[in-house]
>>> print(open('entry.pdb').read())   # PDB, C-alpha atoms
ATOM      1  CA  GLN A 875      16.988 195.990  11.940  1.00  0.00           C
ATOM      2  CA  VAL A 876      16.483 192.242  11.680  1.00  0.00           C
ATOM      3  CA  GLN A 877      17.237 189.712  14.393  1.00  0.00           C
ATOM      4  CA  LEU A 878      17.906 186.074  13.503  1.00  0.00           C
ATOM      5  CA  VAL A 879      18.073 183.088  15.836  1.00  0.00           C
ATOM      6  CA  GLU A 880      19.060 179.649  14.551  1.00  0.00           C
ATOM      7  CA  SER A 881      18.264 176.320  16.166  1.00  0.00           C
ATOM      8  CA  GLY A 882      18.171 172.637  15.344  1.00  0.00           C
ATOM      9  CA  GLY A 883      21.819 171.703  15.037  1.00  0.00           C
ATOM     10  CA  GLY A 884      23.295 168.613  16.619  1.00  0.00           C
ATOM     11  CA  LEU A 885      25.377 165.469  16.283  1.00  0.00           C
ATOM     12  CA  VAL A 886      24.092 162.903  13.802  1.00  0.00           C
ATOM     13  CA  GLN A 887      25.394 159.957  11.816  1.00  0.00           C
ATOM     14  CA  ALA A 888      26.036 159.893   8.105  1.00  0.00           C
ATOM     15  CA  GLY A 889      22.776 159.359   6.221  1.00  0.00           C
ATOM     16  CA  ASP A 890      20.639 160.996   8.900  1.00  0.00           C
ATOM     17  CA  SER A 891      18.492 164.105   8.536  1.00  0.00           C
ATOM     18  CA  LEU A 892      18.266 167.388  10.436  1.00  0.00           C
ATOM     19  CA  ARG A 893      16.080 170.444  10.113  1.00  0.00           C
ATOM     20  CA  LEU A 894      17.525 173.809  11.012  1.00  0.00           C
ATOM     21  CA  SER A 895      15.283 176.734  11.878  1.00  0.00           C
ATOM     22  CA  CYS A 896      15.940 180.455  11.695  1.00  0.00           C
ATOM     23  CA  ALA A 897      13.444 182.652  13.517  1.00  0.00           C
ATOM     24  CA  ALA A 898      13.428 186.218  12.246  1.00  0.00           C
ATOM     25  CA  SER A 899      12.090 189.367  13.856  1.00  0.00           C
ATOM     26  CA  GLY A 900      12.048 193.024  12.911  1.00  0.00           C
ATOM     27  CA  ARG A 901       9.613 195.116  10.899  1.00  0.00           C
ATOM     28  CA  THR A 902      11.925 195.352   7.885  1.00  0.00           C
ATOM     29  CA  PHE A 903      12.317 191.592   7.497  1.00  0.00           C
ATOM     30  CA  VAL A 904       9.762 191.716   4.686  1.00  0.00           C
ATOM     31  CA  TYR A 905      12.382 193.456   2.514  1.00  0.00           C
ATOM     32  CA  TYR A 906      14.977 190.718   2.878  1.00  0.00           C
ATOM     33  CA  SER A 907      15.612 187.388   1.249  1.00  0.00           C
ATOM     34  CA  VAL A 908      17.301 184.631   3.203  1.00  0.00           C
ATOM     35  CA  ALA A 909      20.263 182.342   2.853  1.00  0.00           C
ATOM     36  CA  TRP A 910      21.976 179.624   4.825  1.00  0.00           C
ATOM     37  CA  PHE A 911      25.767 179.673   4.981  1.00  0.00           C
ATOM     38  CA  ARG A 912      28.141 177.257   6.630  1.00  0.00           C
ATOM     39  CA  GLN A 913      31.669 177.480   7.914  1.00  0.00           C
ATOM     40  CA  ALA A 914      33.935 174.569   8.756  1.00  0.00           C
ATOM     41  CA  PRO A 915      37.067 175.048  10.915  1.00  0.00           C
ATOM     42  CA  GLY A 916      39.782 176.802   8.928  1.00  0.00           C
ATOM     43  CA  GLU A 917      37.478 177.374   5.983  1.00  0.00           C
ATOM     44  CA  GLU A 918      35.640 180.369   4.576  1.00  0.00           C
ATOM     45  CA  ARG A 919      31.965 180.943   5.157  1.00  0.00           C
ATOM     46  CA  ASP A 920      30.195 179.589   2.083  1.00  0.00           C
ATOM     47  CA  ILE A 921      26.626 179.863   0.907  1.00  0.00           C
ATOM     48  CA  VAL A 922      24.585 176.676   1.008  1.00  0.00           C
ATOM     49  CA  ALA A 923      21.093 177.725  -0.033  1.00  0.00           C
ATOM     50  CA  TYR A 924      19.211 180.909  -0.905  1.00  0.00           C
ATOM     51  CA  LEU A 925      15.541 181.766  -1.049  1.00  0.00           C
ATOM     52  CA  ASN A 926      14.276 184.900  -2.775  1.00  0.00           C
ATOM     53  CA  ARG A 927      11.150 185.980  -0.920  1.00  0.00           C
ATOM     54  CA  ASN A 928       9.838 187.961  -3.916  1.00  0.00           C
ATOM     55  CA  ASP A 929       9.448 185.048  -6.325  1.00  0.00           C
ATOM     56  CA  GLU A 930      10.192 182.159  -3.923  1.00  0.00           C
ATOM     57  CA  SER A 931      12.988 180.960  -6.187  1.00  0.00           C
ATOM     58  CA  THR A 932      15.718 178.892  -4.565  1.00  0.00           C
ATOM     59  CA  THR A 933      19.397 178.367  -5.291  1.00  0.00           C
ATOM     60  CA  TYR A 934      21.687 175.673  -3.893  1.00  0.00           C
ATOM     61  CA  THR A 935      25.364 175.034  -3.983  1.00  0.00           C
ATOM     62  CA  ASP A 936      26.255 171.925  -5.966  1.00  0.00           C
ATOM     63  CA  ALA A 937      27.421 170.045  -2.877  1.00  0.00           C
ATOM     64  CA  VAL A 938      23.930 170.008  -1.348  1.00  0.00           C
ATOM     65  CA  GLN A 939      21.711 170.056  -4.440  1.00  0.00           C
ATOM     66  CA  GLY A 940      19.095 167.327  -4.115  1.00  0.00           C
ATOM     67  CA  ARG A 941      19.766 166.763  -0.407  1.00  0.00           C
ATOM     68  CA  PHE A 942      18.956 170.126   1.222  1.00  0.00           C
ATOM     69  CA  THR A 943      15.784 172.187   0.934  1.00  0.00           C
ATOM     70  CA  ILE A 944      15.310 175.798   2.027  1.00  0.00           C
ATOM     71  CA  SER A 945      11.811 177.013   2.807  1.00  0.00           C
ATOM     72  CA  MET A 946      10.028 179.816   4.618  1.00  0.00           C
ATOM     73  CA  ASP A 947       6.903 179.960   6.753  1.00  0.00           C
ATOM     74  CA  ASN A 948       5.814 183.570   6.295  1.00  0.00           C
ATOM     75  CA  ALA A 949       3.217 183.371   9.058  1.00  0.00           C
ATOM     76  CA  LYS A 950       5.917 182.403  11.548  1.00  0.00           C
ATOM     77  CA  ASN A 951       8.734 184.497  10.037  1.00  0.00           C
ATOM     78  CA  THR A 952      10.809 181.349  10.137  1.00  0.00           C
ATOM     79  CA  VAL A 953      13.175 179.921   7.552  1.00  0.00           C
ATOM     80  CA  TYR A 954      14.077 176.248   7.495  1.00  0.00           C
ATOM     81  CA  LEU A 955      16.871 174.180   6.064  1.00  0.00           C
ATOM     82  CA  GLN A 956      15.903 170.542   5.710  1.00  0.00           C
ATOM     83  CA  MET A 957      19.065 168.489   5.396  1.00  0.00           C
ATOM     84  CA  ASN A 958      18.795 164.879   4.255  1.00  0.00           C
ATOM     85  CA  ASP A 959      21.410 162.206   3.635  1.00  0.00           C
ATOM     86  CA  LEU A 960      23.959 164.112   5.670  1.00  0.00           C
ATOM     87  CA  LYS A 961      27.632 163.462   5.039  1.00  0.00           C
ATOM     88  CA  PRO A 962      30.700 164.053   7.242  1.00  0.00           C
ATOM     89  CA  GLU A 963      31.719 166.890   4.904  1.00  0.00           C
ATOM     90  CA  ASP A 964      28.518 168.727   5.887  1.00  0.00           C
ATOM     91  CA  THR A 965      29.998 169.251   9.352  1.00  0.00           C
ATOM     92  CA  ALA A 966      30.145 173.003  10.027  1.00  0.00           C
ATOM     93  CA  VAL A 967      28.568 175.875  11.878  1.00  0.00           C
ATOM     94  CA  TYR A 968      25.448 176.880   9.966  1.00  0.00           C
ATOM     95  CA  TYR A 969      24.309 180.486   9.828  1.00  0.00           C
ATOM     96  CA  CYS A 970      21.230 182.146   8.438  1.00  0.00           C
ATOM     97  CA  ALA A 971      21.612 185.593   6.946  1.00  0.00           C
ATOM     98  CA  VAL A 972      19.503 188.110   5.083  1.00  0.00           C
ATOM     99  CA  LEU A 973      20.062 189.990   1.827  1.00  0.00           C
ATOM    100  CA  TYR A 974      18.269 193.271   1.143  1.00  0.00           C
ATOM    101  CA  THR A 975      15.830 192.669  -1.723  1.00  0.00           C
ATOM    102  CA  PRO A 976      13.245 195.460  -1.815  1.00  0.00           C
ATOM    103  CA  PRO A 977      10.784 195.579  -4.743  1.00  0.00           C
ATOM    104  CA  TYR A 978      13.167 197.595  -6.940  1.00  0.00           C
ATOM    105  CA  ARG A 979      15.865 194.912  -6.414  1.00  0.00           C
ATOM    106  CA  SER A 980      13.547 191.932  -6.294  1.00  0.00           C
ATOM    107  CA  GLY A 981      15.776 189.641  -8.377  1.00  0.00           C
ATOM    108  CA  ARG A 982      18.953 190.242  -6.436  1.00  0.00           C
ATOM    109  CA  TYR A 983      21.149 187.305  -5.521  1.00  0.00           C
ATOM    110  CA  SER A 984      24.585 187.114  -3.959  1.00  0.00           C
ATOM    111  CA  SER A 985      26.829 184.333  -2.701  1.00  0.00           C
ATOM    112  CA  LYS A 986      29.150 186.804  -0.967  1.00  0.00           C
ATOM    113  CA  ALA A 987      28.856 186.816   2.795  1.00  0.00           C
ATOM    114  CA  SER A 988      29.821 190.486   2.874  1.00  0.00           C
ATOM    115  CA  ASP A 989      26.642 191.419   0.988  1.00  0.00           C
ATOM    116  CA  TYR A 990      24.418 190.074   3.751  1.00  0.00           C
ATOM    117  CA  SER A 991      23.192 192.600   6.273  1.00  0.00           C
ATOM    118  CA  TYR A 992      22.256 190.570   9.345  1.00  0.00           C
ATOM    119  CA  TRP A 993      23.357 187.223  10.706  1.00  0.00           C
ATOM    120  CA  GLY A 994      22.311 184.734  13.321  1.00  0.00           C
ATOM    121  CA  GLN A 995      24.661 183.357  15.945  1.00  0.00           C
ATOM    122  CA  GLY A 996      25.113 180.014  14.201  1.00  0.00           C
ATOM    123  CA  THR A 997      24.274 176.429  15.071  1.00  0.00           C
ATOM    124  CA  GLN A 998      26.721 173.517  15.016  1.00  0.00           C
ATOM    125  CA  VAL A 999      26.047 170.509  12.813  1.00  0.00           C
ATOM    126  CA  THR A1000      28.345 167.530  13.249  1.00  0.00           C
ATOM    127  CA  VAL A1001      28.028 164.440  11.079  1.00  0.00           C
ATOM    128  CA  SER A1002      29.930 161.330  12.130  1.00  0.00           C
ATOM    129  CA  SER A1003      30.935 158.618   9.684  1.00  0.00           C
TER
END
>>> encode(input="entry.pdb", output="structure tokens")
Amino acid sequence: QVQLVESGGGLVQAGDSLRLSCAASGRTFVYYSVAWFRQAPGEERDIVAYLNRNDESTTYTDAVQGRFTISMDNAKNTVYLQMNDLKPEDTAVYYCAVLYTPPYRSGRYSSKASDYSYWGQGTQVTVSS
């Protein structure tokens, strides 16, 4: 079992920056890679960024490429999402989630929310114009 707790959301203006944190706990966390998803009202939950813990490769959706950065502090079991140059269309609830990537599936990637095993409670990000 893995527990995830997000923090760092808030209300900002367009062009501002925010850093979201996702604190993970659970002995099996070492077998999971991490993603950030977001969900706006009336919309589906979409992947924003993904980090594969086995090779530290990262993947971003086109809408945030060059503005957002996902990273992990292994010593703290914490995953971050640095968000720069925020836009009103970035407004959403942001969730961290984990994908099972043991050594025999080290290259696994998925953008499907249903493939992710554990989720945090979400943190609201609101960007005003």
>>> resolve_selection(input="entry.pdb", expression="the PyMOL selection byres ((chain A and resi 972-986) around 7)", output="CSV table (one decimal) with C-alpha atoms, keeping the file's coordinate frame")
chain,number,residue,atom,x,y,z
A,905,TYR,CA,12.4,193.5,2.5
A,906,TYR,CA,15.0,190.7,2.9
A,907,SER,CA,15.6,187.4,1.2
A,908,VAL,CA,17.3,184.6,3.2
A,909,ALA,CA,20.3,182.3,2.9
A,921,ILE,CA,26.6,179.9,0.9
A,928,ASN,CA,9.8,188.0,-3.9
A,971,ALA,CA,21.6,185.6,6.9
A,987,ALA,CA,28.9,186.8,2.8
A,988,SER,CA,29.8,190.5,2.9
A,989,ASP,CA,26.6,191.4,1.0
A,990,TYR,CA,24.4,190.1,3.8
A,991,SER,CA,23.2,192.6,6.3
A,992,TYR,CA,22.3,190.6,9.3
A,993,TRP,CA,23.4,187.2,10.7
>>> residues_around(input="entry.pdb", residues="Ser899 (chain A)", least_positions_apart="6", cutoff="9 Å", atoms="all atoms listed in the file", output="ChimeraX atom specification")
/A:875-879,951-952
>>> resolve_selection(input="entry.pdb", expression="the PyMOL selection byres ((chain A and resi 998) around 10)", output="number ranges by chain")
A: 880-885, 912-914, 965-969, 996-997, 999-1001
>>> atom_distance(input="entry.pdb", atom1="CA of Asn926 (chain A)", atom2="CA of Cys970 (chain A)")
13.5 Å
>>> resolve_selection(input="entry.pdb", expression="the PyMOL selection byres ((chain A and resi 891) around 8)", output="list in words")
Val886, Gly889, Asp890, Leu892, Arg893, Gln956, Met957, Asn958, Asp959 and Leu960 of chain A
>>> atom_distance(input="entry.pdb", atom1="CA of Asp936 (chain A)", atom2="CA of Phe903 (chain A)")
27.6 Å
>>> residues_near_point(input="entry.pdb", point="(26.3, 178.8, -1.1)", cutoff="8 Å", atoms="all atoms listed in the file", output="number ranges by chain")
A: 910-911, 920-924, 934-935, 985
